[in-house]
>>> print(open('run14.cif').read())   # mmCIF, C-alpha atoms
data_target
loop_
_atom_site.group_PDB
_atom_site.id
_atom_site.type_symbol
_atom_site.label_atom_id
_atom_site.label_comp_id
_atom_site.auth_asym_id
_atom_site.auth_seq_id
_atom_site.Cartn_x
_atom_site.Cartn_y
_atom_site.Cartn_z
ATOM 1 C CA MET G 1267 -37.561 -2.098 -9.675
ATOM 2 C CA THR G 1268 -34.853 -0.220 -11.610
ATOM 3 C CA LEU G 1269 -35.911 3.103 -10.103
ATOM 4 C CA THR G 1270 -35.562 1.701 -6.592
ATOM 5 C CA LYS G 1271 -32.188 0.158 -7.382
ATOM 6 C CA ASN G 1272 -30.980 3.472 -8.840
ATOM 7 C CA LYS G 1273 -32.231 5.350 -5.783
ATOM 8 C CA TYR G 1274 -30.152 3.135 -3.495
ATOM 9 C CA TYR G 1275 -27.140 3.220 -5.819
ATOM 10 C CA PHE G 1276 -27.157 7.027 -5.908
ATOM 11 C CA GLU G 1277 -27.606 7.125 -2.151
ATOM 12 C CA ALA G 1278 -24.563 4.850 -1.781
ATOM 13 C CA LEU G 1279 -22.560 6.963 -4.216
ATOM 14 C CA ASP G 1280 -23.546 10.117 -2.363
ATOM 15 C CA ASN G 1281 -22.298 8.651 0.941
ATOM 16 C CA TYR G 1282 -19.013 7.357 -0.504
ATOM 17 C CA PRO G 1283 -16.375 7.792 0.980
ATOM 18 C CA TYR G 1284 -17.599 10.052 3.788
ATOM 19 C CA SER G 1285 -20.084 7.742 5.466
ATOM 20 C CA LEU G 1286 -19.154 4.154 4.714
ATOM 21 C CA PRO G 1287 -21.811 2.552 6.944
ATOM 22 C CA ASP G 1288 -24.567 4.471 5.130
ATOM 23 C CA CYS G 1289 -22.900 3.792 1.798
ATOM 24 C CA LEU G 1290 -22.714 0.054 2.437
ATOM 25 C CA GLU G 1291 -26.296 -0.125 3.643
ATOM 26 C CA ALA G 1292 -27.598 1.589 0.512
ATOM 27 C CA LEU G 1293 -25.270 -0.422 -1.720
ATOM 28 C CA ASN G 1294 -26.466 -3.705 -0.228
ATOM 29 C CA TYR G 1295 -30.056 -2.646 -0.912
ATOM 30 C CA ALA G 1296 -29.146 -1.742 -4.505
ATOM 31 C CA LEU G 1297 -27.456 -5.107 -5.016
ATOM 32 C CA SER G 1298 -30.392 -6.955 -3.477
ATOM 33 C CA TYR G 1299 -32.658 -5.385 -6.132
ATOM 34 C CA ASP G 1300 -30.189 -6.105 -8.950
ATOM 35 C CA PRO G 1301 -27.185 -8.303 -8.086
ATOM 36 C CA GLU G 1302 -25.893 -7.892 -11.665
ATOM 37 C CA ASP G 1303 -25.695 -4.080 -11.659
ATOM 38 C CA ALA G 1304 -22.200 -3.166 -12.879
ATOM 39 C CA ASP G 1305 -22.142 0.271 -11.253
ATOM 40 C CA SER G 1306 -23.087 -1.095 -7.831
ATOM 41 C CA LEU G 1307 -20.549 -3.907 -8.127
ATOM 42 C CA CYS G 1308 -17.908 -1.374 -9.200
ATOM 43 C CA LEU G 1309 -18.625 0.797 -6.163
ATOM 44 C CA MET G 1310 -18.341 -2.258 -3.916
ATOM 45 C CA GLY G 1311 -14.992 -2.996 -5.590
ATOM 46 C CA ARG G 1312 -13.886 0.569 -4.895
ATOM 47 C CA ILE G 1313 -14.762 0.193 -1.218
ATOM 48 C CA TYR G 1314 -12.645 -2.936 -0.949
ATOM 49 C CA SER G 1315 -9.817 -1.462 -3.015
ATOM 50 C CA GLU G 1316 -9.634 2.134 -1.794
ATOM 51 C CA MET G 1317 -10.925 1.911 1.776
ATOM 52 C CA LEU G 1318 -10.304 -1.617 3.014
ATOM 53 C CA ILE G 1319 -7.157 -2.241 0.908
ATOM 54 C CA ASP G 1320 -8.370 -5.758 0.149
ATOM 55 C CA TYR G 1321 -7.344 -5.936 -3.496
ATOM 56 C CA GLU G 1322 -8.216 -9.594 -4.034
ATOM 57 C CA LYS G 1323 -11.807 -9.116 -2.860
ATOM 58 C CA ALA G 1324 -12.016 -5.869 -4.861
ATOM 59 C CA LYS G 1325 -10.826 -7.668 -8.001
ATOM 60 C CA LEU G 1326 -13.681 -10.164 -7.623
ATOM 61 C CA TYR G 1327 -16.245 -7.357 -7.586
ATOM 62 C CA PHE G 1328 -14.609 -5.569 -10.519
ATOM 63 C CA GLU G 1329 -14.437 -8.809 -12.536
ATOM 64 C CA GLU G 1330 -18.084 -9.492 -11.824
ATOM 65 C CA ALA G 1331 -19.007 -5.947 -12.882
ATOM 66 C CA MET G 1332 -17.066 -6.387 -16.131
ATOM 67 C CA GLN G 1333 -18.826 -9.707 -16.793
ATOM 68 C CA TYR G 1334 -22.263 -8.154 -16.497
ATOM 69 C CA ASP G 1335 -21.458 -5.030 -18.526
ATOM 70 C CA VAL G 1336 -18.245 -5.005 -20.548
ATOM 71 C CA THR G 1337 -19.020 -1.542 -21.921
ATOM 72 C CA ASN G 1338 -19.487 0.134 -18.526
ATOM 73 C CA LEU G 1339 -17.519 3.371 -18.525
ATOM 74 C CA ASN G 1340 -16.863 3.486 -14.766
ATOM 75 C CA THR G 1341 -15.499 0.054 -13.999
ATOM 76 C CA PRO G 1342 -12.285 -0.024 -16.098
ATOM 77 C CA GLN G 1343 -10.616 3.021 -14.556
ATOM 78 C CA TYR G 1344 -11.176 1.856 -10.982
ATOM 79 C CA TYR G 1345 -10.308 -1.745 -11.814
ATOM 80 C CA ILE G 1346 -7.070 -0.647 -13.504
ATOM 81 C CA ARG G 1347 -6.132 1.416 -10.451
ATOM 82 C CA CYS G 1348 -6.800 -1.597 -8.206
ATOM 83 C CA LEU G 1349 -4.603 -3.794 -10.421
ATOM 84 C CA LEU G 1350 -1.789 -1.230 -10.362
ATOM 85 C CA ASP G 1351 -2.006 -0.882 -6.579
ATOM 86 C CA ASN G 1352 -1.854 -4.677 -6.279
ATOM 87 C CA GLU G 1353 1.110 -4.806 -8.706
ATOM 88 C CA ASP G 1354 -0.788 -6.920 -11.242
ATOM 89 C CA LEU G 1355 0.919 -5.023 -14.048
ATOM 90 C CA GLU G 1356 0.318 -7.413 -16.931
ATOM 91 C CA GLU G 1357 -3.401 -7.619 -16.163
ATOM 92 C CA ALA G 1358 -3.555 -3.839 -15.866
ATOM 93 C CA GLU G 1359 -1.853 -3.396 -19.229
ATOM 94 C CA LYS G 1360 -4.355 -5.702 -20.936
ATOM 95 C CA LEU G 1361 -7.299 -3.917 -19.342
ATOM 96 C CA ILE G 1362 -5.888 -0.524 -20.353
ATOM 97 C CA GLU G 1363 -5.663 -1.614 -23.990
ATOM 98 C CA TYR G 1364 -9.226 -2.928 -23.830
ATOM 99 C CA ALA G 1365 -10.548 0.182 -22.073
ATOM 100 C CA LEU G 1366 -9.092 2.503 -24.705
ATOM 101 C CA LYS G 1367 -11.338 0.764 -27.257
ATOM 102 C CA ILE G 1368 -14.565 1.357 -25.303
ATOM 103 C CA LYS G 1369 -16.672 3.970 -27.036
ATOM 104 C CA GLY G 1370 -17.209 7.042 -24.882
ATOM 105 C CA ILE G 1371 -14.611 6.267 -22.202
ATOM 106 C CA ASP G 1372 -12.485 9.080 -20.787
ATOM 107 C CA LYS G 1373 -9.306 8.305 -22.728
ATOM 108 C CA CYS G 1374 -7.383 10.989 -20.843
ATOM 109 C CA ARG G 1375 -7.865 9.237 -17.490
ATOM 110 C CA ILE G 1376 -7.065 5.826 -18.941
ATOM 111 C CA LEU G 1377 -3.860 7.194 -20.510
ATOM 112 C CA ILE G 1378 -2.904 8.690 -17.144
ATOM 113 C CA LEU G 1379 -3.225 5.207 -15.673
ATOM 114 C CA LYS G 1380 -1.144 3.855 -18.562
ATOM 115 C CA ALA G 1381 1.524 6.452 -17.737
ATOM 116 C CA LEU G 1382 1.385 5.310 -14.104
ATOM 117 C CA LEU G 1383 1.918 1.726 -15.251
ATOM 118 C CA PHE G 1384 5.099 2.733 -17.074
ATOM 119 C CA GLU G 1385 6.190 4.895 -14.152
ATOM 120 C CA ILE G 1386 5.862 1.880 -11.838
ATOM 121 C CA ARG G 1387 8.003 -0.091 -14.304
ATOM 122 C CA LEU G 1388 10.552 2.784 -14.187
ATOM 123 C CA GLU G 1389 10.039 3.413 -17.911
ATOM 124 C CA TYR G 1390 9.901 7.183 -17.535
ATOM 125 C CA LYS G 1391 10.290 8.087 -21.205
ATOM 126 C CA THR G 1392 7.308 5.916 -22.158
ATOM 127 C CA ALA G 1393 5.308 7.337 -19.240
ATOM 128 C CA LEU G 1394 5.966 10.855 -20.527
ATOM 129 C CA GLU G 1395 4.806 9.806 -24.012
ATOM 130 C CA GLN G 1396 1.519 8.558 -22.535
ATOM 131 C CA LEU G 1397 0.993 11.853 -20.706
ATOM 132 C CA LYS G 1398 1.657 13.753 -23.933
ATOM 133 C CA GLU G 1399 -1.009 11.595 -25.609
ATOM 134 C CA ALA G 1400 -3.380 12.189 -22.678
ATOM 135 C CA LYS G 1401 -3.106 15.944 -23.220
ATOM 136 C CA LYS G 1402 -4.784 15.472 -26.606
ATOM 137 C CA TYR G 1403 -7.880 14.158 -24.835
ATOM 138 C CA SER G 1404 -7.881 16.746 -22.042
ATOM 139 C CA TYR G 1405 -10.828 19.116 -22.252
ATOM 140 C CA ALA G 1406 -10.482 21.047 -18.997
ATOM 141 C CA GLN G 1407 -7.846 23.448 -17.741
ATOM 142 C CA SER G 1408 -7.664 21.652 -14.397
ATOM 143 C CA MET G 1409 -6.837 18.379 -16.163
ATOM 144 C CA LEU G 1410 -4.193 20.110 -18.276
ATOM 145 C CA ASP G 1411 -2.656 21.590 -15.115
ATOM 146 C CA PHE G 1412 -2.649 18.134 -13.509
ATOM 147 C CA LEU G 1413 -0.955 16.613 -16.563
ATOM 148 C CA ASN G 1414 1.699 19.333 -16.655
ATOM 149 C CA GLY G 1415 2.404 18.753 -12.966
ATOM 150 C CA LYS G 1416 2.673 15.008 -13.550
ATOM 151 C CA VAL G 1417 5.113 15.556 -16.438
ATOM 152 C CA LYS G 1418 7.236 17.804 -14.229
ATOM 153 C CA PHE G 1419 7.149 15.204 -11.440
ATOM 154 C CA ILE G 1420 8.252 12.336 -13.700
ATOM 155 C CA LYS G 1421 11.020 14.431 -15.273
ATOM 156 C CA ALA G 1422 12.272 15.312 -11.799
ATOM 157 C CA LYS G 1423 12.590 11.687 -10.747
ATOM 158 C CA SER G 1424 13.965 10.467 -14.065
ATOM 159 C CA PRO G 1425 17.528 9.110 -13.742
ATOM 160 C CA LYS G 1426 18.352 10.804 -17.061
ATOM 161 C CA LYS G 1427 18.584 14.084 -15.185
ATOM 162 C CA VAL G 1428 21.315 12.653 -12.956
ATOM 163 C CA LYS G 1429 23.298 11.505 -15.999
ATOM 164 C CA GLU G 1430 23.082 14.977 -17.567
ATOM 165 C CA LYS G 1431 24.468 16.586 -14.413
ATOM 166 C CA SER G 1432 27.363 14.128 -14.213
ATOM 167 C CA LYS G 1433 28.242 14.782 -17.882
ATOM 168 C CA LYS G 1434 28.384 18.515 -17.232
ATOM 169 C CA LYS G 1435 30.732 18.000 -14.285
ATOM 170 C CA THR G 1436 33.157 15.859 -16.323
ATOM 171 C CA LYS G 1437 33.439 18.507 -19.061
#
>>> encode(input="run14.cif", output="structure tokens")
Amino acid sequence: MTLTKNKYYFEALDNYPYSLPDCLEALNYALSYDPEDADSLCLMGRIYSEMLIDYEKAKLYFEEAMQYDVTNLNTPQYYIRCLLDNEDLEEAEKLIEYALKIKGIDKCRILILKALLFEIRLEYKTALEQLKEAKKYSYAQSMLDFLNGKVKFIKAKSPKKVKEKSKKKTK
């Protein structure tokens, strides 16, 4: 039973996001074999969140996935992103704090989402601190390059830069 469910889950994952009809067909099969599979529920949440932009329906799938497996390493990062996109900032902040305590989770990616949370709140200094912390957990050059680009981006849009320019003009 588990082997069949995994086969359909991997088939769905392989088709996401390029062939949504095939993805959904395989995902429905996977969920019919195991309606409590956190990974399958998470993927269904991603479809609703990322493709259909139906955040409320996506949140239901993510919540269900978290109920069935609170230690799942995939669900928190996609659920947090859904919450941020839906502007549920307090919920996202709580989930971020919880996710950082899950053993084996990619702390770098969760801290990037935490930085995004502060960026949305226009707390640029705190966002930069989170990115600095994320660099400690970065183990690939491509991730380090991404983080450096994100730091540069946030610094560029920070209002502090405008204040520094105006001070120079008044002197």
>>> atom_distance(input="run14.cif", atom1="atom CA of Leu1269 of chain G", atom2="atom CA of Tyr1295 of chain G")
12.3 Å
>>> atom_distance(input="run14.cif", atom1="atom CA of Leu1379 of chain G", atom2="atom CA of Phe1328 of chain G")
16.5 Å
>>> closest_residue(input="run14.cif", among="G:Cys1289, G:Ile1362, G:Cys1308, G:Ile1378", to="Leu1349 of chain G", atoms="all atoms listed in the file")
G:Ile1362
>>> resolve_selection(input="run14.cif", expression="the PyMOL selection byres ((chain G and resi 1306) around 8)", output="list of chain:residue names")
G:Tyr1275, G:Leu1293, G:Ala1296, G:Leu1297, G:Asp1303, G:Ala1304, G:Asp1305, G:Leu1307, G:Cys1308, G:Leu1309, G:Met1310
>>> atom_distance(input="run14.cif", atom1="atom CA of Lys1401 of chain G", atom2="atom CA of Leu1366 of chain G")
14.8 Å
>>> residues_around(input="run14.cif", residues="segment 1386-1388 of chain G", least_positions_apart="4", cutoff="9 Å", atoms="only C-alpha atoms", output="list of chain:residue names")
G:Leu1350, G:Glu1353, G:Leu1355, G:Ala1381, G:Leu1382, G:Ala1393, G:Ser1424
>>> residues_around(input="run14.cif", residues="Phe1419 of chain G", least_positions_apart="3", cutoff="12 Å", atoms="all atoms listed in the file", output="PyMOL selection string")
chain G and resi 1382+1385+1390+1393-1394+1397+1412-1416+1422-1424
>>> closest_residue(input="run14.cif", among="G:Tyr1364, G:Tyr1284, G:Tyr1274, G:Tyr1345", to="Glu1330 of chain G", atoms="only C-alpha atoms")
G:Tyr1345
>>> closest_residue(input="run14.cif", among="G:Tyr1321, G:Tyr1314, G:Tyr1327, G:Tyr1299", to="Pro1283 of chain G", atoms="only C-alpha atoms")
G:Tyr1314
>>> residues_around(input="run14.cif", residues="Lys1369 of chain G", least_positions_apart="4", cutoff="9 Å", atoms="all atoms listed in the file", output="PyMOL selection string")
chain G and resi 1337+1339+1365
>>> closest_residue(input="run14.cif", among="G:Leu1361, G:Ile1313, G:Leu1377, G:Cys1348", to="Ala1400 of chain G", atoms="all atoms listed in the file")
G:Leu1377
>>> closest_residue(input="run14.cif", among="G:Glu1316, G:Glu1322, G:Glu1356, G:Asp1372", to="Gln1343 of chain G", atoms="all atoms listed in the file")
G:Asp1372
>>> axis_aligned_box(input="run14.cif", around="segment 1372-1384 of chain G", padding_each_side="3 Å", output="AutoDock Vina command-line options")
--center_x -3.7 --center_y 6.4 --center_z -18.4 --size_x 23.6 --size_y 15.3 --size_z 14.6
>>> closest_residue(input="run14.cif", among="G:Tyr1334, G:Tyr1282, G:Tyr1344, G:Phe1276", to="Glu1302 of chain G", atoms="only C-alpha atoms")
G:Tyr1334
